[in-house]
Amino acid sequence: MPDGDTIGSCLALYRFLVDEGHEAYIVLDDVIPFDVAGFIHEPIYSVADYDVLKVEANLVFCIDFSDLERLGEKRIPLMANLQTINLDHHKTNTYYATINVVDTHASATGEIIFDLIQLSGLPLKKEYAEPIYVAISTDTGSFKYSNTTGRTHSVISKLYETGIEVADINRTLYQNTPFHRLRLHAEAMNHLELYHHNSCALIYVSLEMLDLCHALPQDSDGLVEAIRDIRGMELVVFLKEIEPQIIKVSMRSKKTIDVSAIALGFNGGGHKHAAGFTLNMSLAEALNKVRILVGNLQ
Ligand code: AMP
Ligand code: MN
């Protein structure tokens with residue numbers, strides 16, 4: 001699912017390109033998290049919608065994803081014979097595009113979009129600054145994670161100069177939890193498994209739990225981070241049943257464990273402290289696989 005960085009970066013770049021007289025389309029083939037949806041005022045096309053438009057595009061920006069596998073088969077209609085520019089900050093990036101701008105020191109892809117706009121010499125407008133703030137704030141856990149640098153804060157200070165309403169943005173992003181989301185989190189917590197003297201946890205959300213709590217798939221957002229934040233917790237592995245044979249695995253670590261290295265072993269990717277991969281098997285089989293993985297960690 002696209003996150004605040006993906007969507008914030010798309011919005012800022014889109015608004016900048018349109019202001020500069022370009023015809024641009026945002027193509028995003030997934031559910032948009034509701035807390036970020038409030039910042040979108042422009043059309044978002046699915047790959048199927050976009051195909052119908054029969055646009056003669058000559059350039060595709062690939063925003064905030066590390067490898068083409070993330071697009072699945074959809075990449076074929078979208079990117080065939082086109083020039084591509086990869087704008088990303090994942091250290092597992094595979095440099096898949098014609099031009100690759102991969103800055104692993106950037107806290108968020110939003111920081112790279114900021115750099116691009118600054119490089120153009122054109123003014124930074126509030127309309128670009130707001131989604132860039134959303135991108136950086138969400139990818140840094142509100143400036144708490146180790147990807148936050150002095151430079152991140154200096155970028156943010158430039159965003160403030162455009163007059164963005166930070167308290168309003170933060171209310172929309174972080175003080176907006178629907179009640180059924182808590183119900184789902186409570187249900188999942190009841191099935192929490194702990195390993196290695198409570199320093200590793202395994203948690204999952206099944207389709208059955210969603211049904212039980214009248215919750216949506218995106219209501220599992222925030223759960224893995226809440227478990228990570230428990231005192232003494234070093235690693236959390238979260239399994240989400242997307243469909244009966246499609247299990248999305250999300251990992252979070254706090255200090256030394258590099259979860260991107262684990263994810264790469266399963267054809268996934270990510271960052272040192274946040275990474276993921278997909279398993280094409282039943283939830284029960286995936287749970288067993290991950291139990292062995294977690295149990296074998298030192
Ligand atoms: P998530 O757990 O979905 O919030 O993702 C955490 C980080 O890992 C994000 O930066 C994702 O882009 C990355 N990630 C998650 N799943 C995959 C995957 N299957 N392949 C590559 N990167 C992934
Ligand atoms: Mn990102």
# chains A, B, ... in the order shown; residues from 1 in each chain; ligands from 1
>>> residues_near_ligand(ligand="ligand 1", cutoff="10 Å", atoms="only C-alpha atoms and all ligand atoms", output="short mmCIF file (atom, residue, chain, number, x, y, z; two decimals) with N, CA, C and O atoms, in the first residue's frame")
data_model
loop_
_atom_site.label_atom_id
_atom_site.label_comp_id
_atom_site.auth_asym_id
_atom_site.auth_seq_id
_atom_site.Cartn_x
_atom_site.Cartn_y
_atom_site.Cartn_z
N MET A 1 0.86 -1.21 0.00
CA MET A 1 0.00 0.00 0.00
C MET A 1 0.89 1.25 0.00
O MET A 1 1.88 1.29 0.72
N PRO A 2 0.57 2.21 -0.85
CA PRO A 2 1.39 3.43 -0.85
C PRO A 2 1.31 4.13 0.50
O PRO A 2 0.27 4.12 1.14
N ASP A 3 2.41 4.72 0.93
CA ASP A 3 2.39 5.38 2.25
C ASP A 3 2.43 6.90 2.08
O ASP A 3 2.34 7.43 0.96
N ASP A 5 4.81 8.95 2.34
CA ASP A 5 5.94 9.45 1.54
C ASP A 5 5.64 9.29 0.05
O ASP A 5 5.83 10.22 -0.73
N THR A 6 5.16 8.11 -0.33
CA THR A 6 4.85 7.86 -1.74
C THR A 6 3.85 8.90 -2.25
O THR A 6 4.07 9.55 -3.28
N ASP A 64 9.53 6.40 -4.94
CA ASP A 64 9.57 5.78 -3.61
C ASP A 64 9.40 4.27 -3.62
O ASP A 64 8.86 3.71 -2.69
N PHE A 65 9.88 3.62 -4.68
CA PHE A 65 9.90 2.15 -4.60
C PHE A 65 11.22 1.60 -5.15
O PHE A 65 11.80 2.16 -6.06
N SER A 66 11.66 0.49 -4.54
CA SER A 66 13.04 0.06 -4.74
C SER A 66 13.25 -0.86 -5.93
O SER A 66 14.34 -0.96 -6.44
N ASP A 67 12.20 -1.54 -6.38
CA ASP A 67 12.41 -2.47 -7.50
C ASP A 67 11.12 -2.63 -8.29
O ASP A 67 10.03 -2.42 -7.78
N LEU A 68 11.28 -3.05 -9.56
CA LEU A 68 10.13 -3.12 -10.45
C LEU A 68 9.13 -4.21 -10.06
O LEU A 68 7.96 -4.13 -10.42
N GLU A 69 9.60 -5.19 -9.30
CA GLU A 69 8.68 -6.25 -8.83
C GLU A 69 7.50 -5.64 -8.06
O GLU A 69 6.41 -6.21 -8.02
N ARG A 70 7.74 -4.48 -7.44
CA ARG A 70 6.69 -3.82 -6.67
C ARG A 70 5.50 -3.44 -7.54
O ARG A 70 4.40 -3.28 -7.05
N LEU A 71 5.73 -3.29 -8.85
CA LEU A 71 4.63 -2.93 -9.75
C LEU A 71 3.93 -4.16 -10.31
O LEU A 71 2.88 -4.04 -10.92
N ASP A 88 14.14 7.80 -5.35
CA ASP A 88 13.93 6.91 -4.21
C ASP A 88 15.03 7.06 -3.18
O ASP A 88 16.09 7.63 -3.44
N HIS A 89 14.76 6.50 -1.98
CA HIS A 89 15.75 6.55 -0.90
C HIS A 89 15.97 5.18 -0.24
O HIS A 89 16.63 5.12 0.80
N HIS A 90 15.41 4.10 -0.81
CA HIS A 90 15.61 2.77 -0.23
C HIS A 90 17.02 2.25 -0.53
O HIS A 90 17.45 2.30 -1.68
N LYS A 91 17.67 1.68 0.49
CA LYS A 91 19.02 1.19 0.20
C LYS A 91 18.99 -0.10 -0.61
O LYS A 91 20.00 -0.51 -1.15
N THR A 92 17.81 -0.75 -0.71
CA THR A 92 17.70 -1.96 -1.52
C THR A 92 17.33 -1.63 -2.99
O THR A 92 16.98 -2.52 -3.75
N ASN A 93 17.44 -0.36 -3.37
CA ASN A 93 17.05 0.02 -4.74
C ASN A 93 17.91 -0.69 -5.79
O ASN A 93 19.13 -0.82 -5.61
N ALA A 108 13.29 10.71 3.36
CA ALA A 108 12.08 10.33 2.62
C ALA A 108 12.30 10.70 1.16
O ALA A 108 13.15 11.57 0.87
N ASP A 139 7.46 9.32 7.00
CA ASP A 139 8.57 8.36 6.84
C ASP A 139 9.59 8.44 7.97
O ASP A 139 10.40 7.52 8.13
N ASP A 221 -2.77 -0.47 9.85
CA ASP A 221 -1.70 0.54 9.91
C ASP A 221 -1.44 0.95 11.35
O ASP A 221 -2.38 1.17 12.12
N GLY A 222 -0.20 1.08 11.70
CA GLY A 222 0.17 1.56 13.05
C GLY A 222 0.35 0.44 14.05
O GLY A 222 0.98 0.65 15.10
N VAL A 224 2.07 -2.51 13.81
CA VAL A 224 3.44 -3.03 13.94
C VAL A 224 4.33 -2.03 14.69
O VAL A 224 5.18 -2.41 15.50
N GLU A 225 4.07 -0.74 14.47
CA GLU A 225 4.87 0.28 15.17
C GLU A 225 4.53 0.29 16.66
O GLU A 225 5.41 0.47 17.51
N VAL A 237 7.66 -8.82 13.64
CA VAL A 237 7.28 -9.31 12.30
C VAL A 237 5.76 -9.37 12.28
O VAL A 237 5.12 -9.97 13.15
N PHE A 238 5.21 -8.70 11.30
CA PHE A 238 3.75 -8.59 11.19
C PHE A 238 3.29 -9.22 9.88
O PHE A 238 3.80 -8.89 8.81
N LEU A 239 2.34 -10.14 9.97
CA LEU A 239 1.81 -10.79 8.77
C LEU A 239 0.39 -10.31 8.52
O LEU A 239 -0.44 -10.33 9.45
N LYS A 240 0.15 -9.94 7.29
CA LYS A 240 -1.18 -9.45 6.95
C LYS A 240 -1.72 -10.28 5.80
O LYS A 240 -1.08 -10.35 4.73
N LYS A 248 1.32 -10.43 3.22
CA LYS A 248 2.32 -9.35 3.21
C LYS A 248 3.00 -9.34 4.57
O LYS A 248 2.35 -9.31 5.61
N VAL A 249 4.33 -9.41 4.55
CA VAL A 249 5.09 -9.42 5.80
C VAL A 249 5.77 -8.07 5.98
O VAL A 249 6.46 -7.59 5.08
N SER A 250 5.54 -7.44 7.12
CA SER A 250 6.19 -6.16 7.44
C SER A 250 7.07 -6.37 8.65
O SER A 250 6.64 -6.98 9.63
N MET A 251 8.27 -5.85 8.61
CA MET A 251 9.17 -5.98 9.77
C MET A 251 9.61 -4.61 10.25
O MET A 251 9.79 -3.69 9.45
N ARG A 252 9.76 -4.50 11.56
CA ARG A 252 10.29 -3.28 12.16
C ARG A 252 11.33 -3.68 13.19
O ARG A 252 11.12 -4.64 13.95
N VAL A 259 16.55 -5.20 9.12
CA VAL A 259 15.46 -5.99 8.55
C VAL A 259 15.46 -5.98 7.02
O VAL A 259 14.90 -6.88 6.39
N SER A 260 16.13 -4.99 6.42
CA SER A 260 16.18 -4.99 4.94
C SER A 260 16.97 -6.20 4.45
O SER A 260 16.67 -6.76 3.40
N ALA A 263 14.64 -9.08 4.54
CA ALA A 263 13.64 -8.94 3.46
C ALA A 263 14.24 -9.34 2.11
O ALA A 263 13.57 -9.98 1.29
N LEU A 264 15.48 -8.95 1.87
CA LEU A 264 16.13 -9.29 0.59
C LEU A 264 16.18 -10.79 0.37
O LEU A 264 16.03 -11.26 -0.76
N PHE A 266 13.97 -12.79 0.97
CA PHE A 266 12.64 -13.24 0.51
C PHE A 266 12.17 -12.41 -0.68
O PHE A 266 10.97 -12.22 -0.88
N ASN A 267 13.12 -11.84 -1.43
CA ASN A 267 12.80 -11.00 -2.60
C ASN A 267 12.03 -9.74 -2.25
O ASN A 267 11.31 -9.19 -3.09
N GLY A 268 12.17 -9.27 -1.03
CA GLY A 268 11.53 -8.01 -0.64
C GLY A 268 12.57 -6.92 -0.57
O GLY A 268 13.60 -7.00 -1.23
N GLY A 269 12.31 -5.91 0.25
CA GLY A 269 13.26 -4.81 0.37
C GLY A 269 12.84 -3.85 1.46
O GLY A 269 11.92 -4.13 2.22
N GLY A 270 13.53 -2.73 1.50
CA GLY A 270 13.18 -1.71 2.50
C GLY A 270 14.39 -1.02 3.08
O GLY A 270 15.40 -0.85 2.40
N HIS A 271 14.25 -0.66 4.35
CA HIS A 271 15.30 0.09 5.06
C HIS A 271 15.79 -0.76 6.23
O HIS A 271 15.20 -1.78 6.56
N LYS A 272 16.83 -0.25 6.93
CA LYS A 272 17.38 -1.01 8.05
C LYS A 272 16.31 -1.32 9.11
O LYS A 272 16.22 -2.43 9.61
N HIS A 273 15.49 -0.33 9.45
CA HIS A 273 14.54 -0.52 10.53
C HIS A 273 13.09 -0.76 10.08
O HIS A 273 12.20 -0.88 10.93
N ALA A 274 12.85 -0.77 8.77
CA ALA A 274 11.48 -1.01 8.26
C ALA A 274 11.60 -1.66 6.90
O ALA A 274 12.12 -1.03 5.97
N ALA A 275 11.16 -2.89 6.78
CA ALA A 275 11.27 -3.57 5.49
C ALA A 275 10.15 -4.59 5.37
O ALA A 275 9.42 -4.85 6.35
N GLY A 276 10.01 -5.18 4.19
CA GLY A 276 8.92 -6.12 4.01
C GLY A 276 9.12 -7.04 2.82
O GLY A 276 10.03 -6.86 2.01
N PHE A 277 8.27 -8.05 2.74
CA PHE A 277 8.26 -8.97 1.60
C PHE A 277 6.89 -9.63 1.55
O PHE A 277 6.06 -9.45 2.46
N THR A 278 6.65 -10.38 0.47
CA THR A 278 5.36 -11.04 0.29
C THR A 278 5.56 -12.55 0.21
O THR A 278 6.52 -13.01 -0.41
N LEU A 279 4.68 -13.30 0.86
CA LEU A 279 4.73 -14.77 0.77
C LEU A 279 3.45 -15.24 0.08
O LEU A 279 2.35 -14.83 0.48
#
>>> residues_around(residues="region 169-179 of chain A", least_positions_apart="6", cutoff="8 Å", atoms="only C-alpha atoms", output="PyMOL selection string")
chain A and resi 35-36+38+130+134
>>> write_last_selection(atoms="all heavy atoms", output="PDB file, in the first residue's frame")
ATOM      1  N   ASP A  35      -5.813   8.546   6.103  1.00  0.00           N
ATOM      2  CA  ASP A  35      -5.234   9.729   6.759  1.00  0.00           C
ATOM      3  C   ASP A  35      -4.451  10.601   5.775  1.00  0.00           C
ATOM      4  O   ASP A  35      -4.314  11.807   5.980  1.00  0.00           O
ATOM      5  CB  ASP A  35      -4.356   9.336   7.968  1.00  0.00           C
ATOM      6  CG  ASP A  35      -3.492   8.113   7.719  1.00  0.00           C
ATOM      7  OD1 ASP A  35      -3.485   7.625   6.577  1.00  0.00           O
ATOM      8  OD2 ASP A  35      -2.821   7.667   8.660  1.00  0.00           O
ATOM      9  N   VAL A  36      -3.980  10.003   4.684  1.00  0.00           N
ATOM     10  CA  VAL A  36      -3.264  10.778   3.672  1.00  0.00           C
ATOM     11  C   VAL A  36      -4.232  11.289   2.601  1.00  0.00           C
ATOM     12  O   VAL A  36      -3.973  12.294   1.935  1.00  0.00           O
ATOM     13  CB  VAL A  36      -2.153   9.908   3.014  1.00  0.00           C
ATOM     14  CG1 VAL A  36      -1.209  10.755   2.219  1.00  0.00           C
ATOM     15  CG2 VAL A  36      -1.374   9.115   4.052  1.00  0.00           C
ATOM     16  N   GLY A  38      -6.861  12.933   2.681  1.00  0.00           N
ATOM     17  CA  GLY A  38      -7.330  14.315   2.869  1.00  0.00           C
ATOM     18  C   GLY A  38      -6.441  15.357   2.209  1.00  0.00           C
ATOM     19  O   GLY A  38      -6.854  16.509   2.038  1.00  0.00           O
ATOM     20  N   GLU A 130       3.289  21.394   1.538  1.00  0.00           N
ATOM     21  CA  GLU A 130       2.398  20.595   2.404  1.00  0.00           C
ATOM     22  C   GLU A 130       2.576  19.086   2.164  1.00  0.00           C
ATOM     23  O   GLU A 130       2.849  18.346   3.120  1.00  0.00           O
ATOM     24  CB  GLU A 130       0.932  21.020   2.216  1.00  0.00           C
ATOM     25  CG  GLU A 130       0.019  20.255   3.146  1.00  0.00           C
ATOM     26  CD  GLU A 130      -1.450  20.636   2.982  1.00  0.00           C
ATOM     27  OE1 GLU A 130      -2.118  20.035   2.113  1.00  0.00           O
ATOM     28  OE2 GLU A 130      -1.905  21.515   3.717  1.00  0.00           O
ATOM     29  N   VAL A 134       4.116  16.072   4.648  1.00  0.00           N
ATOM     30  CA  VAL A 134       3.438  14.780   4.905  1.00  0.00           C
ATOM     31  C   VAL A 134       4.412  13.627   4.632  1.00  0.00           C
ATOM     32  O   VAL A 134       4.541  12.691   5.422  1.00  0.00           O
ATOM     33  CB  VAL A 134       2.171  14.639   4.022  1.00  0.00           C
ATOM     34  CG1 VAL A 134       1.612  13.220   4.081  1.00  0.00           C
ATOM     35  CG2 VAL A 134       1.113  15.662   4.437  1.00  0.00           C
TER      36      VAL A 134
END
>>> atom_distance(atom1="CA of Arg181 (chain A)", atom2="CA of Ser146 (chain A)")
27.3 Å
>>> select_by_dssp(residues="region 75-227 of chain A", states="alpha helix (DSSP H)", output="MDAnalysis selection string")
chainID A and resid 75:79 109:120 126:139 150:160 166:174 179:189 207:212 223:227
>>> closest_residue(among="A:Gly265, A:Pro43, A:Gly141, A:Pro123", to="ligand 2", atoms="only C-alpha atoms and all ligand atoms")
A:Gly141
>>> select_by_dssp(residues="region 26-59 of chain A", states="strand (DSSP E or B)", output="number ranges by chain")
A: 26-27, 44-45, 59
>>> residues_around(residues="Met209 (chain A)", least_positions_apart="2", cutoff="12 Å", atoms="only C-alpha atoms", output="tab-separated table (two decimals) with all heavy atoms, in the first residue's frame")
chain	number	residue	atom	x	y	z
A	180	HIS	N	-12.93	1.58	15.00
A	180	HIS	CA	-12.80	0.16	14.65
A	180	HIS	C	-11.36	-0.26	14.43
A	180	HIS	O	-11.03	-1.43	14.51
A	180	HIS	CB	-13.68	-0.20	13.44
A	180	HIS	CG	-13.39	0.61	12.22
A	180	HIS	ND1	-14.20	1.63	11.80
A	180	HIS	CD2	-12.37	0.56	11.36
A	180	HIS	CE1	-13.69	2.16	10.71
A	180	HIS	NE2	-12.57	1.54	10.43
A	181	ARG	N	-10.47	0.73	14.18
A	181	ARG	CA	-9.05	0.42	14.03
A	181	ARG	C	-8.49	-0.10	15.36
A	181	ARG	O	-7.74	-1.07	15.41
A	181	ARG	CB	-8.30	1.68	13.57
A	181	ARG	CG	-6.83	1.46	13.39
A	181	ARG	CD	-6.18	2.62	12.68
A	181	ARG	NE	-6.51	2.63	11.26
A	181	ARG	CZ	-5.80	3.26	10.33
A	181	ARG	NH1	-4.73	3.94	10.67
A	181	ARG	NH2	-6.14	3.22	9.07
A	183	ARG	N	-10.21	-1.53	17.69
A	183	ARG	CA	-10.79	-2.86	17.90
A	183	ARG	C	-9.95	-3.93	17.21
A	183	ARG	O	-9.67	-4.97	17.77
A	183	ARG	CB	-12.21	-2.91	17.32
A	183	ARG	CG	-13.23	-2.77	18.37
A	183	ARG	CD	-14.58	-3.34	17.93
A	183	ARG	NE	-15.54	-2.62	18.73
A	183	ARG	CZ	-16.36	-1.71	18.26
A	183	ARG	NH1	-16.42	-1.45	16.99
A	183	ARG	NH2	-17.16	-1.07	19.08
A	184	LEU	N	-9.57	-3.63	15.97
A	184	LEU	CA	-8.75	-4.59	15.21
A	184	LEU	C	-7.39	-4.78	15.90
A	184	LEU	O	-6.91	-5.90	16.03
A	184	LEU	CB	-8.56	-4.09	13.77
A	184	LEU	CG	-7.72	-5.01	12.89
A	184	LEU	CD1	-8.46	-6.31	12.59
A	184	LEU	CD2	-7.33	-4.33	11.58
A	185	HIS	N	-6.79	-3.67	16.34
A	185	HIS	CA	-5.48	-3.78	17.00
A	185	HIS	C	-5.60	-4.63	18.27
A	185	HIS	O	-4.73	-5.46	18.57
A	185	HIS	CB	-4.91	-2.39	17.33
A	185	HIS	CG	-4.49	-1.63	16.10
A	185	HIS	ND1	-3.65	-0.54	16.14
A	185	HIS	CD2	-4.80	-1.80	14.79
A	185	HIS	CE1	-3.45	-0.09	14.91
A	185	HIS	NE2	-4.16	-0.83	14.08
A	186	ALA	N	-6.69	-4.43	19.01
A	186	ALA	CA	-6.90	-5.19	20.25
A	186	ALA	C	-7.03	-6.69	19.92
A	186	ALA	O	-6.45	-7.54	20.60
A	186	ALA	CB	-8.13	-4.69	20.98
A	187	GLU	N	-7.78	-6.99	18.86
A	187	GLU	CA	-7.98	-8.38	18.45
A	187	GLU	C	-6.63	-9.03	18.08
A	187	GLU	O	-6.32	-10.14	18.51
A	187	GLU	CB	-8.95	-8.42	17.26
A	187	GLU	CG	-9.23	-9.78	16.66
A	187	GLU	CD	-9.87	-10.76	17.64
A	187	GLU	OE1	-10.52	-10.32	18.60
A	187	GLU	OE2	-9.69	-11.98	17.43
A	188	ALA	N	-5.83	-8.29	17.30
A	188	ALA	CA	-4.52	-8.82	16.90
A	188	ALA	C	-3.62	-9.00	18.12
A	188	ALA	O	-2.90	-9.99	18.23
A	188	ALA	CB	-3.87	-7.88	15.88
A	189	MET	N	-3.67	-8.04	19.05
A	189	MET	CA	-2.83	-8.12	20.28
A	189	MET	C	-3.14	-9.38	21.07
A	189	MET	O	-2.26	-9.92	21.74
A	189	MET	CB	-3.10	-6.91	21.17
A	189	MET	CG	-2.66	-5.60	20.59
A	189	MET	SD	-0.94	-5.36	20.84
A	189	MET	CE	-1.00	-4.23	22.18
A	190	ASN	N	-4.40	-9.83	21.00
A	190	ASN	CA	-4.77	-11.05	21.71
A	190	ASN	C	-4.04	-12.27	21.17
A	190	ASN	O	-4.02	-13.31	21.83
A	190	ASN	CB	-6.29	-11.30	21.59
A	190	ASN	CG	-7.04	-10.47	22.59
A	190	ASN	OD1	-6.51	-10.13	23.65
A	190	ASN	ND2	-8.28	-10.13	22.26
A	191	HIS	N	-3.50	-12.16	19.94
A	191	HIS	CA	-2.79	-13.29	19.33
A	191	HIS	C	-1.29	-13.03	19.23
A	191	HIS	O	-0.59	-13.72	18.50
A	191	HIS	CB	-3.36	-13.56	17.92
A	191	HIS	CG	-4.80	-13.95	17.94
A	191	HIS	ND1	-5.82	-13.03	18.01
A	191	HIS	CD2	-5.39	-15.16	17.92
A	191	HIS	CE1	-6.97	-13.66	18.02
A	191	HIS	NE2	-6.74	-14.96	17.97
A	204	TYR	N	-0.22	-10.92	13.71
A	204	TYR	CA	-0.84	-11.05	12.38
A	204	TYR	C	-2.27	-10.52	12.39
A	204	TYR	O	-2.92	-10.45	13.43
A	204	TYR	CB	-0.81	-12.51	11.90
A	204	TYR	CG	-1.58	-13.48	12.77
A	204	TYR	CD1	-2.92	-13.79	12.48
A	204	TYR	CD2	-0.98	-14.08	13.86
A	204	TYR	CE1	-3.62	-14.68	13.27
A	204	TYR	CE2	-1.69	-14.97	14.66
A	204	TYR	CZ	-3.01	-15.27	14.36
A	204	TYR	OH	-3.71	-16.13	15.17
A	205	VAL	N	-2.72	-10.17	11.18
A	205	VAL	CA	-4.12	-9.79	10.97
A	205	VAL	C	-4.65	-10.66	9.84
A	205	VAL	O	-4.13	-10.63	8.72
A	205	VAL	CB	-4.24	-8.28	10.63
A	205	VAL	CG1	-5.61	-7.97	10.04
A	205	VAL	CG2	-4.00	-7.42	11.87
A	206	SER	N	-5.67	-11.45	10.15
A	206	SER	CA	-6.27	-12.32	9.14
A	206	SER	C	-7.51	-11.65	8.55
A	206	SER	O	-8.05	-10.70	9.13
A	206	SER	CB	-6.66	-13.65	9.78
A	206	SER	OG	-7.64	-13.40	10.79
A	207	LEU	N	-7.98	-12.18	7.43
A	207	LEU	CA	-9.22	-11.65	6.83
A	207	LEU	C	-10.38	-11.86	7.79
A	207	LEU	O	-11.29	-11.03	7.88
A	207	LEU	CB	-9.47	-12.37	5.49
A	207	LEU	CG	-8.48	-12.02	4.39
A	207	LEU	CD1	-8.66	-12.94	3.19
A	207	LEU	CD2	-8.61	-10.56	3.96
A	211	ASP	N	-13.12	-9.06	9.34
A	211	ASP	CA	-14.56	-9.30	9.34
A	211	ASP	C	-15.15	-9.10	10.73
A	211	ASP	O	-16.14	-8.39	10.91
A	211	ASP	CB	-14.78	-10.77	8.93
A	211	ASP	CG	-15.67	-10.87	7.74
A	211	ASP	OD1	-15.73	-9.87	6.99
A	211	ASP	OD2	-16.29	-11.94	7.55
A	212	LEU	N	-14.50	-9.73	11.67
A	212	LEU	CA	-14.96	-9.70	13.06
A	212	LEU	C	-15.03	-8.27	13.61
A	212	LEU	O	-15.95	-7.91	14.34
A	212	LEU	CB	-13.98	-10.54	13.91
A	212	LEU	CG	-14.32	-10.77	15.35
A	212	LEU	CD1	-15.45	-11.78	15.43
A	212	LEU	CD2	-13.09	-11.31	16.10
A	213	CYS	N	-14.07	-7.45	13.22
A	213	CYS	CA	-13.98	-6.08	13.77
A	213	CYS	C	-14.60	-5.05	12.84
A	213	CYS	O	-14.49	-3.85	13.08
A	213	CYS	CB	-12.52	-5.72	14.02
A	213	CYS	SG	-11.72	-6.84	15.16
A	214	HIS	N	-15.22	-5.51	11.75
A	214	HIS	CA	-15.78	-4.59	10.73
A	214	HIS	C	-14.71	-3.59	10.30
A	214	HIS	O	-14.98	-2.38	10.19
A	214	HIS	CB	-17.01	-3.87	11.25
A	214	HIS	CG	-18.07	-4.82	11.73
A	214	HIS	ND1	-18.78	-5.61	10.88
A	214	HIS	CD2	-18.49	-5.12	12.97
A	214	HIS	CE1	-19.61	-6.37	11.57
A	214	HIS	NE2	-19.45	-6.10	12.85
A	215	ALA	N	-13.52	-4.09	10.11
A	215	ALA	CA	-12.40	-3.21	9.79
A	215	ALA	C	-11.97	-3.37	8.34
A	215	ALA	O	-12.30	-4.36	7.68
A	215	ALA	CB	-11.22	-3.52	10.71
A	216	LEU	N	-11.22	-2.39	7.84
A	216	LEU	CA	-10.69	-2.43	6.48
A	216	LEU	C	-9.22	-2.87	6.53
A	216	LEU	O	-8.57	-2.71	7.57
A	216	LEU	CB	-10.75	-1.02	5.86
A	216	LEU	CG	-12.14	-0.43	5.71
A	216	LEU	CD1	-12.05	1.05	5.38
A	216	LEU	CD2	-12.89	-1.20	4.62
A	217	PRO	N	-8.69	-3.39	5.40
A	217	PRO	CA	-7.28	-3.82	5.42
A	217	PRO	C	-6.33	-2.74	5.95
A	217	PRO	O	-5.40	-3.01	6.68
A	217	PRO	CB	-7.00	-4.14	3.95
A	217	PRO	CG	-8.33	-4.50	3.38
A	217	PRO	CD	-9.34	-3.67	4.11
A	219	ASP	N	-6.76	-0.71	8.20
A	219	ASP	CA	-6.87	-0.48	9.64
A	219	ASP	C	-5.77	-1.17	10.44
A	219	ASP	O	-5.62	-0.93	11.63
A	219	ASP	CB	-8.25	-0.87	10.15
A	219	ASP	CG	-9.31	0.11	9.70
A	219	ASP	OD1	-9.00	1.32	9.72
A	219	ASP	OD2	-10.41	-0.31	9.30
A	220	SER	N	-4.99	-2.01	9.77
A	220	SER	CA	-3.85	-2.59	10.49
A	220	SER	C	-2.67	-1.61	10.55
A	220	SER	O	-1.69	-1.85	11.24
A	220	SER	CB	-3.41	-3.91	9.86
A	220	SER	OG	-2.98	-3.68	8.55
A	240	LYS	N	0.15	-9.94	7.29
A	240	LYS	CA	-1.18	-9.45	6.95
A	240	LYS	C	-1.72	-10.28	5.80
A	240	LYS	O	-1.08	-10.35	4.73
A	240	LYS	CB	-1.06	-7.98	6.56
A	240	LYS	CG	-2.34	-7.31	6.19
A	240	LYS	CD	-2.07	-5.83	6.07
A	240	LYS	CE	-3.20	-5.11	5.41
A	240	LYS	NZ	-2.89	-3.68	5.26
A	241	GLU	N	-2.85	-10.90	6.05
A	241	GLU	CA	-3.48	-11.71	5.00
A	241	GLU	C	-4.19	-10.77	4.03
A	241	GLU	O	-5.19	-10.14	4.39
A	241	GLU	CB	-4.47	-12.69	5.63
A	241	GLU	CG	-5.00	-13.72	4.66
A	241	GLU	CD	-5.97	-14.72	5.30
A	241	GLU	OE1	-6.55	-14.41	6.38
A	241	GLU	OE2	-6.16	-15.79	4.74
A	242	ILE	N	-3.65	-10.66	2.82
A	242	ILE	CA	-4.25	-9.77	1.82
A	242	ILE	C	-5.36	-10.52	1.09
A	242	ILE	O	-6.45	-10.03	0.87
A	242	ILE	CB	-3.19	-9.31	0.78
A	242	ILE	CG1	-1.96	-8.72	1.49
A	242	ILE	CG2	-3.77	-8.35	-0.24
A	242	ILE	CD1	-2.14	-7.39	2.14
